[in-house]
file model17.tsv (TSV, C-alpha atoms)
chain	number	residue	atom	x	y	z
A	1	MET	CA	-12.93	25.46	-31.97
A	2	LYS	CA	-14.50	28.87	-31.67
A	3	ILE	CA	-14.04	31.71	-34.15
A	4	ILE	CA	-15.88	35.01	-34.14
A	5	ILE	CA	-15.54	37.44	-37.02
A	6	SER	CA	-16.11	41.12	-36.42
A	7	ASN	CA	-16.97	43.41	-39.31
A	8	SER	CA	-15.93	46.48	-37.38
A	9	SER	CA	-12.51	45.21	-36.35
A	10	PRO	CA	-9.59	47.03	-37.97
A	11	ASP	CA	-7.86	43.66	-38.44
A	12	PRO	CA	-8.40	41.99	-41.80
A	13	ILE	CA	-10.59	38.87	-41.65
A	14	TYR	CA	-7.76	36.40	-42.41
A	15	GLU	CA	-5.86	37.82	-39.45
A	16	GLN	CA	-8.89	37.52	-37.17
A	17	VAL	CA	-9.16	33.85	-38.12
A	18	SER	CA	-5.46	33.03	-37.73
A	19	LYS	CA	-5.15	34.96	-34.45
A	20	GLN	CA	-8.06	33.11	-32.85
A	21	ILE	CA	-6.83	29.69	-33.96
A	22	LYS	CA	-3.35	30.56	-32.72
A	23	ALA	CA	-4.71	31.65	-29.34
A	24	GLN	CA	-6.54	28.35	-28.99
A	25	ILE	CA	-3.43	26.38	-29.85
A	26	ILE	CA	-1.34	28.33	-27.33
A	27	SER	CA	-3.95	27.92	-24.61
A	28	GLY	CA	-4.16	24.20	-25.31
A	29	GLU	CA	-7.84	24.20	-26.32
A	30	LEU	CA	-6.64	22.83	-29.61
A	31	ALA	CA	-4.19	19.99	-29.00
A	32	GLU	CA	-1.41	18.58	-31.12
A	33	GLY	CA	-2.78	16.44	-33.92
A	34	ASP	CA	-6.31	17.89	-33.75
A	35	ALA	CA	-7.86	18.14	-37.19
A	36	LEU	CA	-8.94	21.57	-38.39
A	37	PRO	CA	-11.99	21.94	-40.64
A	38	SER	CA	-11.25	22.06	-44.38
A	39	ILE	CA	-10.68	25.47	-45.92
A	40	ARG	CA	-13.96	25.35	-47.83
A	41	LYS	CA	-15.95	24.11	-44.86
A	42	LEU	CA	-14.61	26.86	-42.61
A	43	ALA	CA	-15.29	29.50	-45.28
A	44	MET	CA	-18.90	28.33	-45.47
A	45	GLU	CA	-19.40	28.23	-41.72
A	46	LEU	CA	-17.91	31.68	-41.17
A	47	GLN	CA	-19.46	33.05	-44.38
A	48	ILE	CA	-16.16	34.39	-45.60
A	49	SER	CA	-14.36	33.73	-48.85
A	50	VAL	CA	-12.29	30.65	-49.64
A	51	ILE	CA	-9.21	32.72	-50.41
A	52	THR	CA	-9.43	34.53	-47.06
A	53	THR	CA	-9.58	31.22	-45.19
A	54	LYS	CA	-6.74	29.83	-47.27
A	55	ARG	CA	-4.58	32.81	-46.38
A	56	ALA	CA	-5.28	32.35	-42.65
A	57	TYR	CA	-4.23	28.69	-42.86
A	58	GLU	CA	-1.14	29.55	-44.90
A	59	ASP	CA	-0.05	32.08	-42.27
A	60	LEU	CA	-0.58	29.52	-39.50
A	61	GLN	CA	1.46	26.99	-41.42
A	62	LYS	CA	4.29	29.46	-42.04
A	63	GLU	CA	4.47	30.16	-38.31
A	64	GLY	CA	4.55	26.44	-37.59
A	65	PHE	CA	1.21	26.20	-35.82
A	66	ILE	CA	-0.40	23.78	-38.24
A	67	ASP	CA	0.68	21.12	-40.72
A	68	THR	CA	-1.02	20.37	-44.01
A	69	VAL	CA	-1.16	16.74	-45.05
A	70	SER	CA	-2.13	16.66	-48.71
A	71	GLY	CA	-5.35	14.78	-49.25
A	72	LYS	CA	-6.09	14.67	-45.53
A	73	GLY	CA	-6.34	18.28	-44.45
A	74	CYS	CA	-4.81	20.49	-41.79
A	75	PHE	CA	-3.73	19.47	-38.30
A	76	VAL	CA	-2.39	21.26	-35.25
A	77	ALA	CA	1.39	20.86	-35.40
A	78	MET	CA	3.71	19.64	-32.64
A	79	GLN	CA	4.36	22.69	-30.53
A	80	ASN	CA	7.62	23.65	-29.00
A	81	LYS	CA	6.39	24.58	-25.51
A	82	GLU	CA	9.44	26.64	-24.60
A	83	LEU	CA	9.27	28.60	-27.82
A	84	LEU	CA	5.59	29.32	-27.23
A	85	ARG	CA	6.30	30.52	-23.73
A	86	GLU	CA	9.05	32.74	-25.00
A	87	LYS	CA	6.71	34.23	-27.58
A	88	LYS	CA	4.14	34.93	-24.91
A	89	MET	CA	6.81	36.44	-22.63
A	90	LYS	CA	7.68	38.77	-25.46
A	91	THR	CA	4.04	39.95	-25.63
A	92	VAL	CA	4.05	40.65	-21.90
A	93	GLU	CA	7.31	42.52	-22.26
A	94	ASP	CA	5.93	44.65	-25.08
A	95	LEU	CA	2.81	45.53	-23.11
A	96	LEU	CA	4.86	46.45	-20.06
A	97	SER	CA	7.15	48.58	-22.14
A	98	ASP	CA	4.10	50.47	-23.46
A	99	ALA	CA	2.96	51.00	-19.87
A	100	VAL	CA	6.38	52.32	-18.86
A	101	THR	CA	6.45	54.76	-21.78
A	102	GLU	CA	3.03	56.10	-20.85
A	103	ALA	CA	4.02	56.36	-17.19
A	104	LYS	CA	7.16	58.29	-18.03
A	105	LYS	CA	5.13	60.74	-20.09
A	106	LEU	CA	2.97	61.40	-17.04
A	107	GLY	CA	5.99	61.61	-14.74
A	108	ILE	CA	4.98	58.59	-12.66
A	109	SER	CA	7.89	57.30	-10.61
A	110	PHE	CA	9.25	53.75	-10.71
A	111	LYS	CA	8.10	53.26	-7.13
A	112	GLU	CA	4.56	54.21	-8.05
A	113	ILE	CA	4.50	51.84	-11.01
A	114	LYS	CA	5.84	49.06	-8.83
A	115	GLU	CA	3.07	49.61	-6.33
A	116	MET	CA	0.50	49.63	-9.10
A	117	LEU	CA	1.87	46.42	-10.55
A	118	GLU	CA	1.94	44.74	-7.16
A	119	LEU	CA	-1.66	45.69	-6.57
A	120	LEU	CA	-2.76	44.46	-10.02
A	121	TYR	CA	-0.80	41.23	-9.78
A	122	ASN	CA	-2.21	40.31	-6.39
A	123	GLU	CA	-5.73	41.25	-7.46
A	124	GLU	CA	-5.47	38.83	-10.36
A	125	ALA	CA	-4.27	36.07	-8.08
A	126	GLU	CA	-7.24	36.28	-5.74
B	1	MET	CA	-4.40	26.73	-60.93
B	2	THR	CA	-6.55	26.21	-64.05
B	3	ASN	CA	-8.90	28.91	-65.19
B	4	VAL	CA	-12.50	27.94	-65.79
B	5	LEU	CA	-13.12	31.21	-67.61
B	6	GLU	CA	-10.61	33.26	-69.58
B	7	ILE	CA	-11.51	36.49	-71.34
B	8	GLN	CA	-8.97	38.26	-73.52
B	9	LYS	CA	-9.31	41.70	-75.10
B	10	LEU	CA	-13.05	41.38	-75.50
B	11	ARG	CA	-14.61	44.17	-77.56
B	12	LYS	CA	-18.16	45.14	-78.40
B	13	ASN	CA	-19.25	48.39	-79.94
B	14	TYR	CA	-22.77	49.76	-79.62
B	15	GLY	CA	-21.99	53.25	-80.93
B	16	ASP	CA	-22.82	55.18	-77.79
B	17	PHE	CA	-21.27	52.47	-75.60
B	18	ALA	CA	-18.26	50.27	-76.12
B	19	LEU	CA	-16.67	47.43	-74.24
B	20	GLN	CA	-12.96	48.10	-74.57
B	21	ASP	CA	-10.39	45.33	-74.44
B	22	VAL	CA	-11.87	43.59	-71.41
B	23	SER	CA	-9.61	40.86	-70.02
B	24	PHE	CA	-9.96	38.81	-66.85
B	25	SER	CA	-9.99	35.19	-65.72
B	26	LEU	CA	-11.68	33.11	-63.06
B	27	PRO	CA	-9.73	30.22	-61.49
B	28	GLU	CA	-11.56	26.93	-61.00
B	29	GLY	CA	-13.21	26.51	-57.61
B	30	TYR	CA	-13.70	30.17	-56.79
B	31	ILE	CA	-16.38	32.83	-56.91
B	32	MET	CA	-15.96	36.12	-58.69
B	33	GLY	CA	-18.14	39.19	-58.33
B	34	LEU	CA	-18.57	41.41	-61.35
B	35	ILE	CA	-19.41	44.88	-60.08
B	36	GLY	CA	-20.03	48.26	-61.62
B	37	PRO	CA	-22.71	50.94	-61.86
B	38	ASN	CA	-25.72	50.57	-64.15
B	39	GLY	CA	-24.64	50.68	-67.78
B	40	ALA	CA	-21.01	49.81	-67.02
B	41	GLY	CA	-21.04	46.74	-69.26
B	42	LYS	CA	-21.70	43.87	-66.83
B	43	THR	CA	-24.64	42.43	-68.75
B	44	THR	CA	-22.85	42.92	-72.09
B	45	ILE	CA	-19.92	40.82	-70.83
B	46	ILE	CA	-22.23	38.08	-69.60
B	47	LYS	CA	-24.22	38.06	-72.85
B	48	LEU	CA	-20.95	37.74	-74.77
B	49	ILE	CA	-19.85	34.85	-72.57
B	50	MET	CA	-23.16	33.11	-73.28
B	51	ASN	CA	-22.93	34.03	-76.99
B	52	LEU	CA	-26.27	35.82	-76.92
B	53	ILE	CA	-24.75	38.75	-78.82
B	54	MET	CA	-21.87	38.95	-81.32
B	55	LYS	CA	-18.47	40.20	-80.23
B	56	HIS	CA	-16.36	42.59	-82.26
B	57	GLY	CA	-13.07	41.19	-81.07
B	58	GLY	CA	-11.26	39.19	-78.44
B	59	LYS	CA	-11.45	35.65	-77.18
B	60	ILE	CA	-13.49	33.80	-74.58
B	61	ASN	CA	-12.36	30.42	-73.29
B	62	ILE	CA	-14.57	28.38	-70.99
B	63	PHE	CA	-13.35	25.08	-69.50
B	64	GLY	CA	-10.26	25.66	-71.66
B	65	LYS	CA	-12.28	25.72	-74.90
B	66	ASP	CA	-13.43	28.45	-77.27
B	67	ASN	CA	-16.96	29.48	-76.34
B	68	LEU	CA	-18.17	29.62	-79.96
B	69	GLU	CA	-16.56	26.45	-81.33
B	70	HIS	CA	-17.74	24.30	-78.42
B	71	GLU	CA	-20.89	26.20	-77.57
B	72	VAL	CA	-23.30	23.30	-76.99
B	73	GLU	CA	-20.91	21.27	-74.86
B	74	ILE	CA	-19.91	24.32	-72.81
B	75	LYS	CA	-23.45	25.55	-72.24
B	76	SER	CA	-24.61	22.20	-70.94
B	77	ARG	CA	-22.10	22.65	-68.12
B	78	ILE	CA	-23.20	26.20	-67.28
B	79	GLY	CA	-26.04	27.15	-64.96
B	80	PHE	CA	-27.27	30.51	-66.15
B	81	VAL	CA	-29.48	33.09	-64.46
B	82	TYR	CA	-30.43	36.05	-66.62
B	83	ASP	CA	-31.29	39.34	-64.91
B	84	ASN	CA	-34.74	39.34	-66.45
B	85	PRO	CA	-35.83	35.73	-66.98
B	86	ASN	CA	-38.23	35.45	-69.86
B	87	TYR	CA	-40.45	32.43	-69.46
B	88	TYR	CA	-43.68	31.80	-71.38
B	89	ASP	CA	-45.95	33.37	-68.81
B	90	HIS	CA	-49.07	31.34	-69.65
B	91	LEU	CA	-47.24	28.15	-68.56
B	92	ASN	CA	-46.66	26.95	-65.03
B	93	LEU	CA	-43.29	26.11	-63.51
B	94	LYS	CA	-43.71	22.38	-64.12
B	95	GLN	CA	-44.36	22.95	-67.83
B	96	ILE	CA	-41.42	25.34	-68.08
B	97	LYS	CA	-39.20	22.76	-66.41
B	98	ASN	CA	-40.36	20.09	-68.88
B	99	ILE	CA	-39.34	22.34	-71.77
B	100	ILE	CA	-35.89	23.07	-70.33
B	101	ARG	CA	-35.07	19.66	-68.88
B	102	PRO	CA	-34.31	17.80	-72.17
B	103	PHE	CA	-31.55	20.30	-72.99
B	104	TYR	CA	-29.46	19.08	-70.07
B	105	LYS	CA	-27.99	15.59	-69.98
B	106	GLU	CA	-27.20	15.99	-66.29
B	107	TRP	CA	-30.62	17.23	-65.24
B	108	ASP	CA	-31.42	16.07	-61.69
B	109	GLU	CA	-35.15	16.06	-60.96
B	110	LYS	CA	-34.61	15.43	-57.26
B	111	VAL	CA	-32.38	18.46	-56.85
B	112	PHE	CA	-34.92	20.58	-58.73
B	113	LEU	CA	-37.88	19.45	-56.61
B	114	ASN	CA	-35.88	20.03	-53.41
B	115	LEU	CA	-35.05	23.58	-54.46
B	116	VAL	CA	-38.66	24.28	-55.49
B	117	ASP	CA	-39.70	23.07	-52.08
B	118	GLN	CA	-37.00	25.07	-50.28
B	119	PHE	CA	-37.90	28.23	-52.23
B	120	GLU	CA	-41.63	27.63	-51.59
B	121	LEU	CA	-42.46	27.88	-55.28
B	122	PRO	CA	-45.81	26.57	-56.61
B	123	LEU	CA	-45.43	24.10	-59.50
B	124	ASN	CA	-48.95	24.54	-60.84
B	125	LYS	CA	-49.36	28.30	-60.86
B	126	THR	CA	-48.78	30.13	-64.16
B	127	ILE	CA	-45.64	32.25	-64.35
B	128	LYS	CA	-47.89	35.27	-65.04
B	129	LYS	CA	-49.01	35.10	-61.42
B	130	PHE	CA	-45.44	34.91	-60.07
B	131	SER	CA	-43.91	37.94	-58.37
B	132	ARG	CA	-40.53	39.15	-59.65
B	133	GLY	CA	-38.84	37.51	-56.70
B	134	MET	CA	-40.56	34.19	-57.47
B	135	VAL	CA	-39.49	34.29	-61.14
B	136	MET	CA	-35.91	34.93	-60.00
B	137	LYS	CA	-36.09	32.02	-57.56
B	138	ALA	CA	-37.46	29.76	-60.33
B	139	ALA	CA	-34.57	30.75	-62.59
B	140	ILE	CA	-32.08	30.03	-59.82
B	141	ALA	CA	-33.68	26.64	-59.12
B	142	ILE	CA	-33.42	25.70	-62.81
B	143	ALA	CA	-29.80	26.90	-63.03
B	144	LEU	CA	-28.79	24.79	-60.03
B	145	SER	CA	-30.57	21.59	-61.12
B	146	HIS	CA	-28.19	20.13	-63.67
B	147	HIS	CA	-24.91	19.81	-61.77
B	148	ALA	CA	-23.35	22.70	-63.67
B	149	ASP	CA	-19.62	23.29	-63.19
B	150	LEU	CA	-19.89	27.02	-63.78
B	151	ILE	CA	-22.73	29.15	-62.50
B	152	ILE	CA	-23.17	32.51	-64.21
B	153	MET	CA	-25.67	34.89	-62.72
B	154	ASP	CA	-26.57	38.36	-63.92
B	155	GLU	CA	-28.00	40.43	-61.07
B	156	PRO	CA	-29.62	37.40	-59.43
B	157	THR	CA	-30.36	39.24	-56.21
B	158	SER	CA	-32.09	42.32	-57.61
B	159	GLY	CA	-35.75	42.16	-56.62
B	160	LEU	CA	-35.05	39.66	-53.85
B	161	ASP	CA	-35.50	40.40	-50.18
B	162	PRO	CA	-32.53	40.21	-47.77
B	163	VAL	CA	-33.79	36.94	-46.27
B	164	PHE	CA	-33.69	35.11	-49.57
B	165	ARG	CA	-30.44	36.80	-50.60
B	166	ARG	CA	-28.81	35.26	-47.52
B	167	GLU	CA	-30.35	31.89	-48.37
B	168	LEU	CA	-28.91	32.12	-51.87
B	169	LEU	CA	-25.46	32.85	-50.47
B	170	ASP	CA	-25.72	29.72	-48.34
B	171	LEU	CA	-26.58	27.70	-51.44
B	172	LEU	CA	-23.56	29.12	-53.23
B	173	TYR	CA	-21.32	28.22	-50.28
B	174	GLU	CA	-22.60	24.66	-50.46
B	175	LEU	CA	-21.80	24.56	-54.16
B	176	LEU	CA	-18.27	25.82	-53.48
B	177	GLN	CA	-17.61	22.90	-51.16
B	178	SER	CA	-16.58	21.16	-54.36
B	179	GLU	CA	-13.27	22.45	-55.64
B	180	LYS	CA	-14.51	21.94	-59.19
B	181	LYS	CA	-17.40	24.41	-59.16
B	182	SER	CA	-16.97	28.07	-59.97
B	183	ILE	CA	-19.31	31.04	-59.88
B	184	LEU	CA	-19.46	34.36	-61.74
B	185	PHE	CA	-21.95	36.73	-60.20
B	186	SER	CA	-22.76	40.25	-61.41
B	187	THR	CA	-24.46	42.65	-59.07
B	188	HIS	CA	-24.67	46.21	-57.88
B	189	ILE	CA	-25.80	45.08	-54.43
B	190	THR	CA	-22.21	44.78	-53.32
B	191	SER	CA	-22.90	43.78	-49.74
B	192	ASP	CA	-23.80	40.32	-51.08
B	193	LEU	CA	-20.27	39.95	-52.36
B	194	GLU	CA	-18.33	41.59	-49.60
B	195	ARG	CA	-17.87	38.34	-47.73
B	196	ILE	CA	-18.35	35.45	-50.14
B	197	ALA	CA	-16.41	36.66	-53.20
B	198	ASP	CA	-12.84	35.46	-53.75
B	199	TYR	CA	-12.23	37.77	-56.68
B	200	ILE	CA	-13.73	41.12	-57.63
B	201	THR	CA	-13.79	42.48	-61.15
B	202	PHE	CA	-14.80	46.11	-61.28
B	203	ILE	CA	-15.97	47.47	-64.61
B	204	ASN	CA	-16.81	51.08	-65.38
B	205	HIS	CA	-17.63	52.78	-68.70
B	206	GLY	CA	-16.88	49.56	-70.57
B	207	LYS	CA	-13.37	49.20	-69.15
B	208	ILE	CA	-11.91	47.03	-66.42
B	209	VAL	CA	-10.87	49.18	-63.44
B	210	PHE	CA	-9.40	46.15	-61.67
B	211	SER	CA	-9.76	42.38	-61.45
B	212	LYS	CA	-8.14	41.14	-58.25
B	213	ALA	CA	-8.46	38.91	-55.22
B	214	LYS	CA	-10.90	40.64	-52.88
B	215	ASP	CA	-8.50	40.68	-49.93
B	216	GLU	CA	-5.93	42.46	-52.07
B	217	VAL	CA	-8.51	45.11	-52.98
B	218	PHE	CA	-9.40	45.73	-49.34
B	219	GLU	CA	-5.73	45.88	-48.36
B	220	ASN	CA	-4.92	48.66	-50.80
B	221	TYR	CA	-8.07	50.72	-51.01
B	222	ALA	CA	-9.15	53.00	-48.16
B	223	LEU	CA	-11.25	56.06	-47.47
B	224	VAL	CA	-9.23	59.08	-46.42
B	225	LYS	CA	-10.77	62.03	-44.60
B	226	GLY	CA	-9.08	65.28	-43.78
B	227	GLY	CA	-9.01	69.07	-44.01
B	228	ASN	CA	-9.25	70.78	-47.39
B	229	ASP	CA	-5.86	72.47	-46.79
B	230	LEU	CA	-4.18	69.12	-47.48
B	231	LEU	CA	-5.40	69.07	-51.07
B	232	ASN	CA	-3.20	70.66	-53.72
B	233	GLU	CA	-2.41	69.93	-57.35
B	234	GLU	CA	-0.02	67.16	-56.39
B	235	THR	CA	-1.90	65.47	-53.57
B	236	LYS	CA	-5.13	65.46	-55.61
B	237	THR	CA	-3.55	63.04	-58.05
B	238	TRP	CA	-3.07	60.49	-55.26
B	239	PHE	CA	-6.79	59.82	-55.07
B	240	ALA	CA	-9.15	57.89	-57.29
B	241	GLY	CA	-12.04	60.19	-56.40
B	242	ILE	CA	-12.57	63.12	-54.08
B	243	ARG	CA	-15.71	64.48	-52.45
B	244	LYS	CA	-15.14	67.93	-51.01
B	245	SER	CA	-17.35	69.76	-48.60
B	246	GLU	CA	-17.01	73.03	-46.76
B	247	PHE	CA	-15.56	71.25	-43.75
B	248	GLY	CA	-13.14	68.81	-45.30
B	249	PHE	CA	-12.68	66.18	-47.94
B	250	GLU	CA	-13.33	62.50	-48.27
B	251	ALA	CA	-11.43	60.55	-50.90
B	252	LEU	CA	-10.62	57.09	-52.12
B	253	THR	CA	-7.06	55.85	-52.38
B	254	ASP	CA	-5.81	52.64	-53.95
B	255	ASP	CA	-2.47	52.97	-52.17
B	256	VAL	CA	-3.19	53.32	-48.47
B	257	ASN	CA	0.48	53.01	-47.48
B	258	LYS	CA	1.47	56.01	-49.55
B	259	ILE	CA	-1.25	58.10	-47.86
B	260	LYS	CA	-0.16	56.93	-44.41
B	261	LYS	CA	3.44	57.80	-45.18
B	262	ASN	CA	2.67	61.28	-46.51
B	263	PHE	CA	-0.18	62.44	-44.30
B	264	GLY	CA	0.41	60.45	-41.11
B	265	SER	CA	-2.04	61.43	-38.43
B	266	ASP	CA	-3.30	64.51	-40.31
B	267	VAL	CA	-5.98	62.35	-41.90
B	268	VAL	CA	-8.45	59.71	-40.76
B	269	ILE	CA	-8.19	56.46	-42.67
B	270	ASP	CA	-11.26	54.22	-42.81
B	271	LYS	CA	-11.90	50.88	-44.48
B	272	ALA	CA	-13.49	51.26	-47.91
B	273	ASN	CA	-16.23	48.86	-48.89
B	274	LEU	CA	-17.09	47.92	-52.46
B	275	GLU	CA	-19.83	50.53	-52.62
B	276	ASP	CA	-17.36	53.26	-51.60
B	277	ILE	CA	-14.94	52.05	-54.25
B	278	MET	CA	-17.68	52.12	-56.89
B	279	TYR	CA	-18.98	55.56	-55.86
B	280	PHE	CA	-15.65	57.34	-55.56
B	281	SER	CA	-14.21	55.80	-58.73
B	282	ASN	CA	-17.11	57.38	-60.57
B	283	LEU	CA	-16.27	60.88	-59.31
B	284	LYS	CA	-13.93	63.15	-61.16
B	285	ASN	CA	-10.81	64.17	-59.23
B	286	GLY	CA	-11.30	67.29	-57.21
B	287	GLY	CA	-15.04	67.39	-57.89
B	288	ASN	CA	-17.49	68.66	-55.36
call {"tool": "encode", "arguments": {"input": "model17.tsv", "output": "structure tokens"}}
result
Amino acid sequence: MKIIISNSSPDPIYEQVSKQIKAQIISGELAEGDALPSIRKLAMELQISVITTKRAYEDLQKEGFIDTVSGKGCFVAMQNKELLREKKMKTVEDLLSDAVTEAKKLGISFKEIKEMLELLYNEEAE
Amino acid sequence: MTNVLEIQKLRKNYGDFALQDVSFSLPEGYIMGLIGPNGAGKTTIIKLIMNLIMKHGGKINIFGKDNLEHEVEIKSRIGFVYDNPNYYDHLNLKQIKNIIRPFYKEWDEKVFLNLVDQFELPLNKTIKKFSRGMVMKAAIAIALSHHADLIIMDEPTSGLDPVFRRELLDLLYELLQSEKKSILFSTHITSDLERIADYITFINHGKIVFSKAKDEVFENYALVKGGNDLLNEETKTWFAGIRKSEFGFEALTDDVNKIKKNFGSDVVIDKANLEDIMYFSNLKNGGN
């Protein structure tokens, strides 16, 4: 597991922690059943407060990413792959919609956007 | 959640300074920072907790017990670092330790010697020849050597260099690995607390300004910067402190959402750190 805290990020620290753990669960770096460090251990390693770490774990649990087994600690929960994919699709959709809004402001035509997208998509694939 | 420390309506009157109905509590297993400018009342509160001075009212419960009725039992479970440790300065650290050791049933010689070694303190040099930083380190070593459940430190990091201050924070993190240990830590070097503290209690002019979880403080407080034309009789009251210059104002808010709603993109909103909160809270509204 890798977590990097930035002091200059506008995101609060608990969100930085939960976002990074979430990303690693979605990408599969953290697999179902993997144990997460205890709240107090993680707080010490990251040099952040216990309450901040607790909040990050609570958010992850609420969203179904981790399970807490009392007395044993926190584990990566069983993930619904389709649901995860849908969530990620939604992010892509949101980003595209932002791009479209910006393009419209600049008066870029649909054809031009399509060309741009085609170029970008194929670049990525190479 | 049980509270390891509970203070209710604590009062102390010195004539020119008074502690007024101070109430706050520290849950077991967490670390609280007590912040405030010089003369705000931090040391007075800590002295009252340790029963070094008499209170004029209020109640202090430690480990669920009255701090006066169960003083001996309570104090044996507290590791205490005073802001100006007063040791007999013609003695060396080993002799000082031998005087203090019998007072603590749980004294752990091995822990003490490890800390002395880690802090690079000489056992055979008289305290007179110690620098201020070394005396502070000695006091911290003694406070951490009897498996105390509550560590109370009054300005432990003043006079210490940044390298050792970081080292001390690491030691405190290690302590907090146990859910049974709690820490109360007064300081005006707020950067030490910005990350480690779970709770922040801010005291000013003998009164509690707030006592809250640190994340909650940072969520609500923010620095707002904008043109002077935005300030009028009404908007001025939205801020806890305003610094005006010829070119604009800078102010502290404890309700960032209200400011966002009313000013939108007319102002720049920055994160406030504890030092900002302390500085701006000390300003009068609308002051220059």
call {"tool": "closest_atom_pairs", "arguments": {"input": "model17.tsv", "of": "chain B", "to": "chain A", "cutoff": "6 Å", "atoms": "all atoms listed in the file", "output": "tab-separated table"}}
result
residue	atom	partner	partner_atom	distance
B:Tyr173	CA	A:Met44	CA	5.4
B:Gln177	CA	A:Arg40	CA	5.5
B:Arg195	CA	A:Ile48	CA	4.8
B:Ile196	CA	A:Ser49	CA	4.5
B:Ala197	CA	A:Ser49	CA	5.6
B:Asp198	CA	A:Ser49	CA	5.4
call {"tool": "atom_distance", "arguments": {"input": "model17.tsv", "atom1": "CA of Pro27 (chain B)", "atom2": "CA of Val4 (chain B)"}}
result
5.6 Å
call {"tool": "atom_distance", "arguments": {"input": "model17.tsv", "atom1": "CA of Ser23 (chain B)", "atom2": "CA of Ser281 (chain B)"}}
result
19.3 Å
call {"tool": "residues_around", "arguments": {"input": "model17.tsv", "residues": "Pro102 (chain B)", "least_positions_apart": "6", "cutoff": "12 Å", "atoms": "only C-alpha atoms", "output": "PyMOL selection string"}}
result
chain B and resi 76+96+108-109+146
call {"tool": "write_last_selection", "arguments": {"input": "model17.tsv", "atoms": "C-alpha atoms", "output": "compact mmCIF listing (two decimals), keeping the file's coordinate frame"}}
result
# COMPACT_ATOMS: atom_id res chain seq x y z
CA SER B 76 -24.61 22.20 -70.94
CA ILE B 96 -41.42 25.34 -68.08
CA ASP B 108 -31.42 16.07 -61.69
CA GLU B 109 -35.15 16.06 -60.96
CA HIS B 146 -28.19 20.13 -63.67
call {"tool": "atom_distance", "arguments": {"input": "model17.tsv", "atom1": "CA of Gln8 (chain B)", "atom2": "CA of Gly206 (chain B)"}}
result
14.1 Å
call {"tool": "residues_around", "arguments": {"input": "model17.tsv", "residues": "Gly33 (chain A)", "least_positions_apart": "3", "cutoff": "9 Å", "atoms": "only C-alpha atoms", "output": "list in words"}}
result
Leu30, Ile66, Asp67, Phe75, Val76, Ala77 and Met78 of chain A
